[in-house]
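Asks: Just passing along the structure, written as structure tokens.
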Amino acid sequence: MSETSAGEARPVAPGTAAQPGDPGTPGAPEGSASSADLARRIARSNLLVVVMAFVFAFLIGSLLILVASTEVRAALGYFFARPSDTFVACWREISAAYTDMFRGSIFDPNGFSRTAEDVRERGGSGLYVLLPALAAGLTPLLETLTVATPLIIASVGMAVSFRSGLFNIGGTGQLIAGATAAGYVGFAVDLPPVIHLLACVIAAIVCGGLYGAIAGFLKARFGASEVISTIMLNWIATYALAYALTTAAFTGANRAQPTSPSISADARLPLLAGEDHRLHAGLLLAVLAVVFLWWLMNRSTLGFRFRAVGSNPRAAEVAGIDVGRSAIGVMFVAGALVGLAGGVHVLGTEQRLTGSIAGSIGFDAITVALLGRSGPVGILLAGLLFAALSTGGRFMETSQGTPIDLVQVIQALVVLFIAAPPMVRALIGLRSVDRPRDPRPRRRAAAPTAVASASAGTAAASAGAGADAADGGTAPTPEGTAAPPSSEEDPAIGPPPADSPDDTSKGGTA
């Protein structure tokens with residue numbers, strides 16, 4: 001390899017080893033190596049997969065919006081005459097739908113401007129205009145936080161079971177158990193204000209935990225699959241609540257409607273944004289639940305046992321961990337957290353028991369936990385995102401007439417894309433991240449050159465040896481063996497001894 005001047009690229013033959021100046025080697029410039037490593041980490045990160053999953057989901061959702069739009073279908077009827085009308089109609093429909101989704105979930109600029117104008121007409125100025133206008137504009141965000149509160153808490157419970165190797169599908173049943181216990185204590189038991197609220201929360205935690213521990217006991221004692229048992233427990237809790245709402249113990253005097261009496265005022269969670277908004281103190285419990293997940297799984301001995309059993313049950317058993325007891329503990333903790341979500345939902349948002357108290361929170365919690373990779377920060381962000389889709393979808397349906405089922409389609413597509421990271425990377429042209437190039441083809445390309453060089457060298461050596469033999473020198477040796485050096489060829493060996501038989505009997509070398 002020839003020397004090159006400073007600053008020029010060093011040519012490297014195919015199949016040769018990397019040189020110190022090449023990128024990615026110890027002698028490479030720090031800037032190129034660090035940028036290449038950063039790009040490789042970004043391509044392999046889960047964050048890129050999540051972001052692109054939402055991008056593709058919203059793109060497919062946009063196509064569904066166009067299909068459902070009558071204006072777009074009408075413009076397509078004369079597309080070849082005036083194609084601009086079709087593009088304008090497509091842009092108008094997509095932008096209006098997603099703008100309304102933002103207005104219904106995060107910030108309402110129209111409400112902000114209307115409130116500001118009303119306050120100015122009444123003689124207000126400065127902060128007297130800004131604060132009421134901000135309160136009106138942020139009303140959708142407060143509703144999003146209200147919807148996200150029980151969803152985040154339930155997702156934390158699901159994450160505990162997922163990270164411990166148990167696939168808990170019983171979020172709905174555990175949530176109903178916690179909500180039923182909290183609701184019954186809330187309207188049927190008379191206690192002092194603060195104690196009453198604490199009793200309702202504790203009842204939700206205990207009942208949810210016990211209901212989840214049933215599946216853990218069945219798995220530890222009889223080897224029953226937690227997937228099947230939790231699904232069946234969902235239906236048991238659903239129909240048990242439906243039956244309870246037909247009895248006098250849960251409906252009181254009003255037995256005609258399957259609803260319970262309202263929760264006592266001293267058992268409700270306090271409101272955080274005034275009487276005009278539904279946001280309550282359950283949001284603080286959601287933040288505490290996220291912190292508890294981080295502490296339990298990363299800093300506690302109990303969490304270490306849970307993770308050890310989830311990673312390798314046999315190795316954990318050899319290490320002295322009771323796998324059966326761990327399964328019961330995992331399901332109790334998971335059920336307690338999901339039950340707390342049900343208690344927060346009935347004490348803060350619904351304030352009474354109904355047959356549909358669980359809604360879709362139990363199954364949405366599974367999606368949020370998987371989307372957040374069962375981590376505290378991921379669950380928090382995924383819960384807020386799914387709540388924003390829910391509240392924004394309802395506003396989009398009332399404002400634009402777009403079916404709210406579109407939100408369900410987007411959520412399902414997000415889960416589908418996140419479940420297949422290689423597919424997402426292939427769609428954005430990063431297939432090589434999951435299938436790196438095999439370096440062996442380069443070696444095969446260089447092999448013929450090396451074989452040809454070796455053959456040429458062998459032939460030259462054979463020809464030289466034959467010439468020496470013809471001149472009275474050494475005879476050619478068989479191919480693949482080394483010829484012994486003679487004293488004439490190698491001066492380091494020196495002449496043979498004087499009394500050598502070869503010198504006395506023959507004049508040449510043997």
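Residues in the structure tokens are numbered from 1 in each chain, the chains being A, B, ... in the order shown, and ligands are numbered from 1 in the order shown.
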Neighbours of segment 176-189 of chain A within 9 Å (only C-alpha atoms; same-chain residues fewer than 5 positions away dropped), as JSON, numbers by chain?
Replies: {"A": [171, 196, 197, 199, 200, 201, 202, 203, 204, 205, 206, 207, 208, 209, 211, 234, 237, 238, 241, 249, 250, 260, 261, 262, 263, 264, 265, 266, 267, 268, 335, 336, 338, 339, 340, 341, 342, 343, 344, 345, 346, 347, 351, 352, 353, 357, 358]}
Asks: For Arg221 of chain A, please output as a PDB file with all heavy atoms, in the first residue's frame all residues within 10 Å (counting only C-alpha atoms; exclusion window: fewer than 2 positions along the same chain).
Replies:
ATOM      1  N   GLY A 216     -52.911 -15.690  39.857  1.00  0.00           N
ATOM      2  CA  GLY A 216     -51.579 -16.097  40.282  1.00  0.00           C
ATOM      3  C   GLY A 216     -51.594 -17.399  41.065  1.00  0.00           C
ATOM      4  O   GLY A 216     -50.714 -18.255  40.888  1.00  0.00           O
ATOM      5  N   PHE A 217     -52.596 -17.593  41.912  1.00  0.00           N
ATOM      6  CA  PHE A 217     -52.705 -18.836  42.673  1.00  0.00           C
ATOM      7  C   PHE A 217     -52.995 -20.014  41.755  1.00  0.00           C
ATOM      8  O   PHE A 217     -52.422 -21.100  41.921  1.00  0.00           O
ATOM      9  CB  PHE A 217     -53.808 -18.697  43.725  1.00  0.00           C
ATOM     10  CG  PHE A 217     -54.117 -19.977  44.440  1.00  0.00           C
ATOM     11  CD1 PHE A 217     -53.273 -20.459  45.429  1.00  0.00           C
ATOM     12  CD2 PHE A 217     -55.241 -20.718  44.109  1.00  0.00           C
ATOM     13  CE1 PHE A 217     -53.547 -21.658  46.075  1.00  0.00           C
ATOM     14  CE2 PHE A 217     -55.527 -21.909  44.750  1.00  0.00           C
ATOM     15  CZ  PHE A 217     -54.676 -22.382  45.742  1.00  0.00           C
ATOM     16  N   LEU A 218     -53.874 -19.815  40.793  1.00  0.00           N
ATOM     17  CA  LEU A 218     -54.186 -20.903  39.860  1.00  0.00           C
ATOM     18  C   LEU A 218     -52.952 -21.313  39.047  1.00  0.00           C
ATOM     19  O   LEU A 218     -52.756 -22.492  38.760  1.00  0.00           O
ATOM     20  CB  LEU A 218     -55.311 -20.471  38.917  1.00  0.00           C
ATOM     21  CG  LEU A 218     -56.691 -20.264  39.565  1.00  0.00           C
ATOM     22  CD1 LEU A 218     -57.680 -19.740  38.538  1.00  0.00           C
ATOM     23  CD2 LEU A 218     -57.197 -21.549  40.192  1.00  0.00           C
ATOM     24  N   LYS A 219     -52.114 -20.355  38.717  1.00  0.00           N
ATOM     25  CA  LYS A 219     -50.902 -20.686  37.960  1.00  0.00           C
ATOM     26  C   LYS A 219     -49.879 -21.376  38.855  1.00  0.00           C
ATOM     27  O   LYS A 219     -49.230 -22.340  38.437  1.00  0.00           O
ATOM     28  CB  LYS A 219     -50.303 -19.413  37.362  1.00  0.00           C
ATOM     29  CG  LYS A 219     -49.053 -19.674  36.513  1.00  0.00           C
ATOM     30  CD  LYS A 219     -48.556 -18.423  35.863  1.00  0.00           C
ATOM     31  CE  LYS A 219     -47.333 -18.715  34.991  1.00  0.00           C
ATOM     32  NZ  LYS A 219     -47.641 -19.651  33.886  1.00  0.00           N
ATOM     33  N   GLY A 223     -50.813 -24.761  37.666  1.00  0.00           N
ATOM     34  CA  GLY A 223     -50.187 -24.541  36.364  1.00  0.00           C
ATOM     35  C   GLY A 223     -51.123 -23.986  35.318  1.00  0.00           C
ATOM     36  O   GLY A 223     -50.841 -24.103  34.119  1.00  0.00           O
ATOM     37  N   ALA A 224     -52.230 -23.363  35.728  1.00  0.00           N
ATOM     38  CA  ALA A 224     -53.190 -22.802  34.779  1.00  0.00           C
ATOM     39  C   ALA A 224     -52.594 -21.575  34.091  1.00  0.00           C
ATOM     40  O   ALA A 224     -51.893 -20.769  34.716  1.00  0.00           O
ATOM     41  CB  ALA A 224     -54.490 -22.428  35.489  1.00  0.00           C
ATOM     42  N   GLY A 324     -43.574 -20.028  42.546  1.00  0.00           N
ATOM     43  CA  GLY A 324     -45.018 -19.985  42.745  1.00  0.00           C
ATOM     44  C   GLY A 324     -45.451 -18.802  43.589  1.00  0.00           C
ATOM     45  O   GLY A 324     -46.411 -18.097  43.252  1.00  0.00           O
ATOM     46  N   ARG A 325     -44.766 -18.588  44.684  1.00  0.00           N
ATOM     47  CA  ARG A 325     -45.103 -17.439  45.533  1.00  0.00           C
ATOM     48  C   ARG A 325     -44.856 -16.133  44.787  1.00  0.00           C
ATOM     49  O   ARG A 325     -45.583 -15.157  44.971  1.00  0.00           O
ATOM     50  CB  ARG A 325     -44.280 -17.482  46.811  1.00  0.00           C
ATOM     51  CG  ARG A 325     -44.611 -16.402  47.817  1.00  0.00           C
ATOM     52  CD  ARG A 325     -43.787 -16.573  49.088  1.00  0.00           C
ATOM     53  NE  ARG A 325     -44.061 -17.860  49.719  1.00  0.00           N
ATOM     54  CZ  ARG A 325     -43.429 -18.296  50.822  1.00  0.00           C
ATOM     55  NH1 ARG A 325     -42.478 -17.549  51.377  1.00  0.00           N
ATOM     56  NH2 ARG A 325     -43.741 -19.462  51.335  1.00  0.00           N
ATOM     57  N   ILE A 328     -47.853 -15.383  42.538  1.00  0.00           N
ATOM     58  CA  ILE A 328     -48.979 -14.846  43.309  1.00  0.00           C
ATOM     59  C   ILE A 328     -48.717 -13.387  43.683  1.00  0.00           C
ATOM     60  O   ILE A 328     -49.606 -12.525  43.593  1.00  0.00           O
ATOM     61  CB  ILE A 328     -49.229 -15.704  44.565  1.00  0.00           C
ATOM     62  CG1 ILE A 328     -49.600 -17.129  44.159  1.00  0.00           C
ATOM     63  CG2 ILE A 328     -50.321 -15.088  45.433  1.00  0.00           C
ATOM     64  CD1 ILE A 328     -49.742 -18.077  45.342  1.00  0.00           C
TER      65      ILE A 328
END
Asks: For segment 294-304 of chain A, list every protein, DNA or RNA residue within 10 Å, evaluated using only C-alpha atoms, and leave out those in the same chain fewer than 2 positions away; present the list as a PyMOL selection string.
Replies: chain A and resi 156+159-160+163-164+288-292+306-310+326+329-330+375-377
Asks: Could you tell me which of A:Ser69, A:Ser34, A:Thr139, A:Thr115 comes closest to Gly274 of chain A if we count only C-alpha atoms?
Replies: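 Smallest separation from Gly274 of chain A among the options: A:Thr139.
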Asks: Taking the DSSP assignment computed from this structure's backbone, write out as a count of residues only all residues of segment 72-137 of chain A that belong to alpha helix (DSSP H).
Replies: 52
Asks: Please provide the set of residues having any atom within 12 Å of Tyr239 of chain A, restricted to only C-alpha atoms, with same-chain residues fewer than 5 positions apart removed, written as a PyMOL selection string.
Replies: chain A and resi 172-173+176-177+232-234+244-246+354-356
Asks: For the selection you just gave me, I'd like the residues written to a file as a short mmCIF file (atom, residue, chain, number, x, y, z; two decimals), in the first residue's frame, keeping all heavy atoms.
Replies:
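Result saved to result_25.cif:
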data_model
loop_
_atom_site.label_atom_id
_atom_site.label_comp_id
_atom_site.auth_asym_id
_atom_site.auth_seq_id
_atom_site.Cartn_x
_atom_site.Cartn_y
_atom_site.Cartn_z
N THR A 172 -59.65 -5.58 32.97
CA THR A 172 -61.06 -5.19 33.11
C THR A 172 -61.66 -5.75 34.40
O THR A 172 -62.34 -5.04 35.15
CB THR A 172 -61.86 -5.68 31.89
OG1 THR A 172 -61.31 -5.09 30.71
CG2 THR A 172 -63.31 -5.32 32.02
N GLY A 173 -61.43 -7.04 34.68
CA GLY A 173 -61.97 -7.63 35.89
C GLY A 173 -61.39 -7.03 37.15
O GLY A 173 -62.12 -6.77 38.13
N ILE A 176 -62.88 -3.58 37.64
CA ILE A 176 -64.25 -3.65 38.13
C ILE A 176 -64.27 -4.01 39.61
O ILE A 176 -65.06 -3.46 40.40
CB ILE A 176 -65.05 -4.67 37.31
CG1 ILE A 176 -65.29 -4.12 35.89
CG2 ILE A 176 -66.39 -4.99 37.97
CD1 ILE A 176 -65.99 -5.11 34.97
N ALA A 177 -63.40 -4.93 40.03
CA ALA A 177 -63.34 -5.31 41.44
C ALA A 177 -62.96 -4.12 42.31
O ALA A 177 -63.59 -3.86 43.35
CB ALA A 177 -62.34 -6.45 41.63
N MET A 232 -61.27 -15.22 31.71
CA MET A 232 -62.50 -15.71 32.33
C MET A 232 -62.88 -14.86 33.55
O MET A 232 -64.07 -14.60 33.79
CB MET A 232 -62.33 -17.17 32.73
CG MET A 232 -62.15 -18.12 31.55
SD MET A 232 -63.58 -18.12 30.43
CE MET A 232 -62.95 -17.14 29.06
N LEU A 233 -61.90 -14.42 34.29
CA LEU A 233 -62.19 -13.57 35.46
C LEU A 233 -62.76 -12.22 35.03
O LEU A 233 -63.50 -11.60 35.79
CB LEU A 233 -60.92 -13.39 36.30
CG LEU A 233 -60.48 -14.62 37.09
CD1 LEU A 233 -59.10 -14.40 37.69
CD2 LEU A 233 -61.48 -14.93 38.20
N ASN A 234 -62.40 -11.76 33.85
CA ASN A 234 -63.02 -10.53 33.33
C ASN A 234 -64.53 -10.69 33.20
O ASN A 234 -65.30 -9.82 33.63
CB ASN A 234 -62.42 -10.17 31.97
CG ASN A 234 -61.02 -9.60 32.06
OD1 ASN A 234 -60.60 -9.16 33.12
ND2 ASN A 234 -60.30 -9.63 30.97
N ALA A 244 -75.14 -7.37 40.65
CA ALA A 244 -75.17 -6.58 41.89
C ALA A 244 -75.98 -5.31 41.71
O ALA A 244 -76.65 -4.84 42.65
CB ALA A 244 -73.75 -6.25 42.32
N LEU A 245 -75.95 -4.73 40.51
CA LEU A 245 -76.71 -3.50 40.27
C LEU A 245 -78.21 -3.74 40.12
O LEU A 245 -78.96 -2.79 39.90
CB LEU A 245 -76.17 -2.81 39.01
CG LEU A 245 -74.76 -2.22 39.14
CD1 LEU A 245 -74.30 -1.64 37.81
CD2 LEU A 245 -74.71 -1.16 40.22
N THR A 246 -78.64 -4.97 40.26
CA THR A 246 -80.08 -5.26 40.30
C THR A 246 -80.57 -5.57 41.70
O THR A 246 -81.75 -5.85 41.89
CB THR A 246 -80.40 -6.47 39.40
OG1 THR A 246 -79.70 -7.63 39.89
CG2 THR A 246 -79.99 -6.19 37.96
N THR A 354 -71.86 1.97 37.50
CA THR A 354 -72.72 1.59 36.39
C THR A 354 -72.20 0.29 35.79
O THR A 354 -71.07 -0.15 36.09
CB THR A 354 -72.76 2.68 35.30
OG1 THR A 354 -71.43 2.88 34.79
CG2 THR A 354 -73.27 4.00 35.87
N GLY A 355 -72.99 -0.30 34.93
CA GLY A 355 -72.56 -1.55 34.31
C GLY A 355 -71.38 -1.38 33.38
O GLY A 355 -70.63 -2.33 33.13
N SER A 356 -71.17 -0.19 32.87
CA SER A 356 -70.05 0.08 31.96
C SER A 356 -68.96 0.92 32.62
O SER A 356 -68.32 1.74 31.96
CB SER A 356 -70.57 0.80 30.71
OG SER A 356 -71.19 2.03 31.06
#
Asks: Would you compute the distance between atom CA of Phe222 of chain A and atom CA of Ala154 of chain A? Give it in Å to one decimal.
Replies: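 Atom CA of Ala154 of chain A lies 26.9 Å from atom CA of Phe222 of chain A.
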Asks: Would you mind telling me which residue in A:Val409, A:Leu151, A:Ala281, A:Leu430 lies nearest to Gly359 of chain A when using only C-alpha atoms?
Replies: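 Of the candidates, the smallest distance to Gly359 of chain A is held by A:Leu151.
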Asks: Could you state the separation of atom CA of Asp405 of chain A and atom CA of Gly393 of chain A in Å, given to one decimal place?
Replies: 8.4 Å
Asks: To one decimal place, how far is atom CA of Leu166 of chain A from atom CA of Leu145 of chain A in Å?
Replies: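 Distance reported for this atom pair: 28.8 Å.
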Asks: Out of A:Leu191, A:Ala365, A:Val414, A:Ala327, which residue has the shortest atom-to-atom distance to Ser225 of chain A when counting only C-alpha atoms?
Replies: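 Checking each of A:Leu191, A:Ala365, A:Val414, A:Ala327 against Ser225 of chain A, counting only C-alpha atoms, the winner is A:Ala327.
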Asks: Using only C-alpha atoms, which protein or nucleic acid residues come within 12 Å of segment 79-89 of chain A? Drop anything in the same chain fewer than 4 positions from it, and give the result as a list of chain:residue names.
Replies: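 The contact residues come out as A:Ile65, A:Leu66, A:Val67, A:Ser69, A:Thr70, A:Glu71, A:Val72, A:Arg73, A:Ala74, A:Ala75, A:Glu93, A:Ile94, A:Ser95, A:Ala96.
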Asks: From the options A:Ala240, A:Val323, A:Leu285, A:Ala387, which residue's atoms come nearest to Ser360 of chain A, counting only C-alpha atoms?
Replies: A:Ala387
